[in-house]
Amino acid sequence: MIFKTRSRACLKKAGEKMNYNKSDLQKIAQRKTQIKAEDSKSLTSARSVNGVAPDPTAGKEVDLIWDKIACRNVVWAASYAMLYTILSSVVYSLLSASGLKLSGIALQAASLLVCLALFGWLAVRRNLTIRAEQRSVYRYPASFCYLCAVVMCSVACNYLVYLTGLSEISEGYKRVSQIFYGNGLLLEIITLCVIGPVAEELVYRGFVYQHLRKRGSHTAAALLSALLFGVLHFNLVQGAYAFVLGLLLAYIVERTGSLISAAAAHMAANLASVLWTETDWLNFLDQGRTRTYIAAVICMILTGVFISYGNQWMRHQPVKKSQVKN
């Protein structure tokens, strides 16, 4: 019994010694890796100082990994926009082939409602940020200023489209105009000024922008989401118009942290365009060619003024660097 007890004690001490040596070996290995990395960095710096080109393969694997991650995030964000575009087109085509006697704008309204239902369900499942986390009374006047800025920007873009003649050379825009306009003012307002803006903001400034913003800077997220917003309109006039407004709407979401503010601004801009096209209520906006240049410049200046006022209101309430989250 005594012999067995001593043997167990010896084995226990040997085991502790082995664990201790194993721990030391791990620390030594980590230290060797650290020293190797420092030596590699020092060698690269020395080559640069001596005029010798550094090793072009240094850090290449890390860069490739980050490139893959960035590309994957962009593709994943773009998939929401592609799903929205494909689904609306499929529903529109199926309803057109069904033999229902509906106008083009009615078919568009039905397809947008289907998309809105799907993405609304996804927004609830994914816990998408719809309203600002930090609520304040200062957001309401700020949101109104941003809304006015978007409307002024929309009017300026319409002036520039007229001055450049893009509406005359874009066949895609002509086809879209035939579908959208001339089918009853009320239906156009419901489709183009309510359902459409809500669905597009949910997709582009909701899923796309918030996904990219969570994984990158505001500038990159705004540019990519606006680019998708423009390209997926599939015609030159609406593409350029949507890209510019997409940048401004992404800025509104970043400043207010709310999709509701962006959707309201989008609605107001589309309402101004519909009323300008279909009624004589905004005929005072129609100017001669020379005055149109002046009016476009004034609208762009007013856009900047309203953005500045909105920013001043938002300064009363500190805003986090990243309010939106996916």
# chains A, B, ... in the order shown; residues from 1 in each chain; ligands from 1

call {"tool": "select_by_dssp", "arguments": {"residues": "segment 132-226 of chain A", "states": "alpha helix (DSSP H)", "output": "ChimeraX atom specification"}}
result
/A:139-164,166-169,171-180,185-190,196-200,209-214,218-226

call {"tool": "residues_around", "arguments": {"residues": "Tyr251 of chain A", "least_positions_apart": "5", "cutoff": "9 Å", "atoms": "only C-alpha atoms", "output": "list in words"}}
result
His218, Thr219, Ala222, Gly246, Thr256 and Ala262 of chain A

call {"tool": "write_last_selection", "arguments": {"atoms": "C-alpha atoms", "output": "PDB file, in the first residue's frame"}}
result
ATOM      1  CA  HIS A 218     -21.820  55.120 -44.655  1.00  0.00           C
ATOM      2  CA  THR A 219     -20.311  56.362 -47.921  1.00  0.00           C
ATOM      3  CA  ALA A 222     -24.913  54.783 -49.709  1.00  0.00           C
ATOM      4  CA  GLY A 246     -30.914  57.186 -53.541  1.00  0.00           C
ATOM      5  CA  THR A 256     -32.351  60.151 -38.606  1.00  0.00           C
ATOM      6  CA  ALA A 262     -36.902  58.382 -46.049  1.00  0.00           C
TER       7      ALA A 262
END

call {"tool": "closest_atom_pairs", "arguments": {"of": "segment 131-246 of chain A", "to": "segment 82-86 of chain A", "cutoff": "10 Å", "atoms": "only C-alpha atoms", "output": "tab-separated table"}}
result
residue	atom	partner	partner_atom	distance
A:Ala199	CA	A:Tyr84	CA	8.9
A:Glu200	CA	A:Tyr84	CA	8.7
A:Val203	CA	A:Tyr84	CA	7.4
A:Tyr204	CA	A:Tyr84	CA	9.6
A:Leu228	CA	A:Met82	CA	9.0
A:Leu232	CA	A:Thr85	CA	7.2
A:His233	CA	A:Thr85	CA	8.8

call {"tool": "write_last_selection", "arguments": {"atoms": "N, CA and C atoms", "output": "mmCIF file, in the first residue's frame"}}
result
data_model
loop_
_atom_site.group_PDB
_atom_site.id
_atom_site.type_symbol
_atom_site.label_atom_id
_atom_site.label_comp_id
_atom_site.auth_asym_id
_atom_site.auth_seq_id
_atom_site.Cartn_x
_atom_site.Cartn_y
_atom_site.Cartn_z
ATOM 1 N N ALA A 199 -42.370 50.221 -50.600
ATOM 2 C CA ALA A 199 -41.703 48.973 -50.961
ATOM 3 C C ALA A 199 -40.233 49.202 -51.295
ATOM 4 N N GLU A 200 -39.942 50.248 -52.057
ATOM 5 C CA GLU A 200 -38.552 50.516 -52.453
ATOM 6 C C GLU A 200 -37.687 50.918 -51.278
ATOM 7 N N VAL A 203 -36.792 47.873 -49.251
ATOM 8 C CA VAL A 203 -35.781 47.018 -49.884
ATOM 9 C C VAL A 203 -34.420 47.713 -49.927
ATOM 10 N N TYR A 204 -34.371 48.906 -50.516
ATOM 11 C CA TYR A 204 -33.080 49.531 -50.824
ATOM 12 C C TYR A 204 -32.460 50.242 -49.626
ATOM 13 N N LEU A 228 -27.429 50.353 -57.058
ATOM 14 C CA LEU A 228 -28.400 49.286 -57.313
ATOM 15 C C LEU A 228 -29.785 49.862 -57.586
ATOM 16 N N LEU A 232 -31.262 49.048 -61.407
ATOM 17 C CA LEU A 232 -32.392 48.124 -61.496
ATOM 18 C C LEU A 232 -33.694 48.807 -61.920
ATOM 19 N N HIS A 233 -33.640 50.088 -62.282
ATOM 20 C CA HIS A 233 -34.786 50.720 -62.941
ATOM 21 C C HIS A 233 -34.766 50.457 -64.455
#

call {"tool": "atom_distance", "arguments": {"atom1": "atom CA of Ser261 of chain A", "atom2": "atom CA of Leu116 of chain A"}}
result
17.7 Å

call {"tool": "closest_atom_pairs", "arguments": {"of": "segment 124-144 of chain A", "to": "segment 148-170 of chain A", "cutoff": "12 Å", "atoms": "only C-alpha atoms", "output": "tab-separated table"}}
result
residue	atom	partner	partner_atom	distance
A:Pro141	CA	A:Cys148	CA	10.6
A:Ala142	CA	A:Cys148	CA	10.0
A:Ser143	CA	A:Cys148	CA	8.7
A:Phe144	CA	A:Cys148	CA	6.3

call {"tool": "write_last_selection", "arguments": {"atoms": "N, CA, C and O atoms", "output": "tab-separated table (two decimals), in the first residue's frame"}}
result
chain	number	residue	atom	x	y	z
A	141	PRO	N	-38.98	68.20	-37.12
A	141	PRO	CA	-38.61	69.31	-38.01
A	141	PRO	C	-37.43	68.96	-38.91
A	141	PRO	O	-37.36	69.42	-40.06
A	142	ALA	N	-36.50	68.14	-38.41
A	142	ALA	CA	-35.37	67.72	-39.24
A	142	ALA	C	-35.86	66.87	-40.41
A	142	ALA	O	-35.44	67.08	-41.56
A	143	SER	N	-36.77	65.95	-40.14
A	143	SER	CA	-37.31	65.10	-41.21
A	143	SER	C	-38.08	65.93	-42.23
A	143	SER	O	-38.04	65.65	-43.43
A	144	PHE	N	-38.79	66.96	-41.76
A	144	PHE	CA	-39.51	67.84	-42.69
A	144	PHE	C	-38.53	68.59	-43.58
A	144	PHE	O	-38.78	68.74	-44.79

call {"tool": "closest_residue", "arguments": {"among": "A:Gln210, A:Leu107, A:Asn183, A:Glu201", "to": "Phe229 of chain A", "atoms": "only C-alpha atoms"}}
result
A:Glu201

call {"tool": "residues_around", "arguments": {"residues": "segment 132-140 of chain A", "least_positions_apart": "3", "cutoff": "12 Å", "atoms": "only C-alpha atoms", "output": "PyMOL selection string"}}
result
chain A and resi 128-129+143-147+252-262+264+309-320+322-325
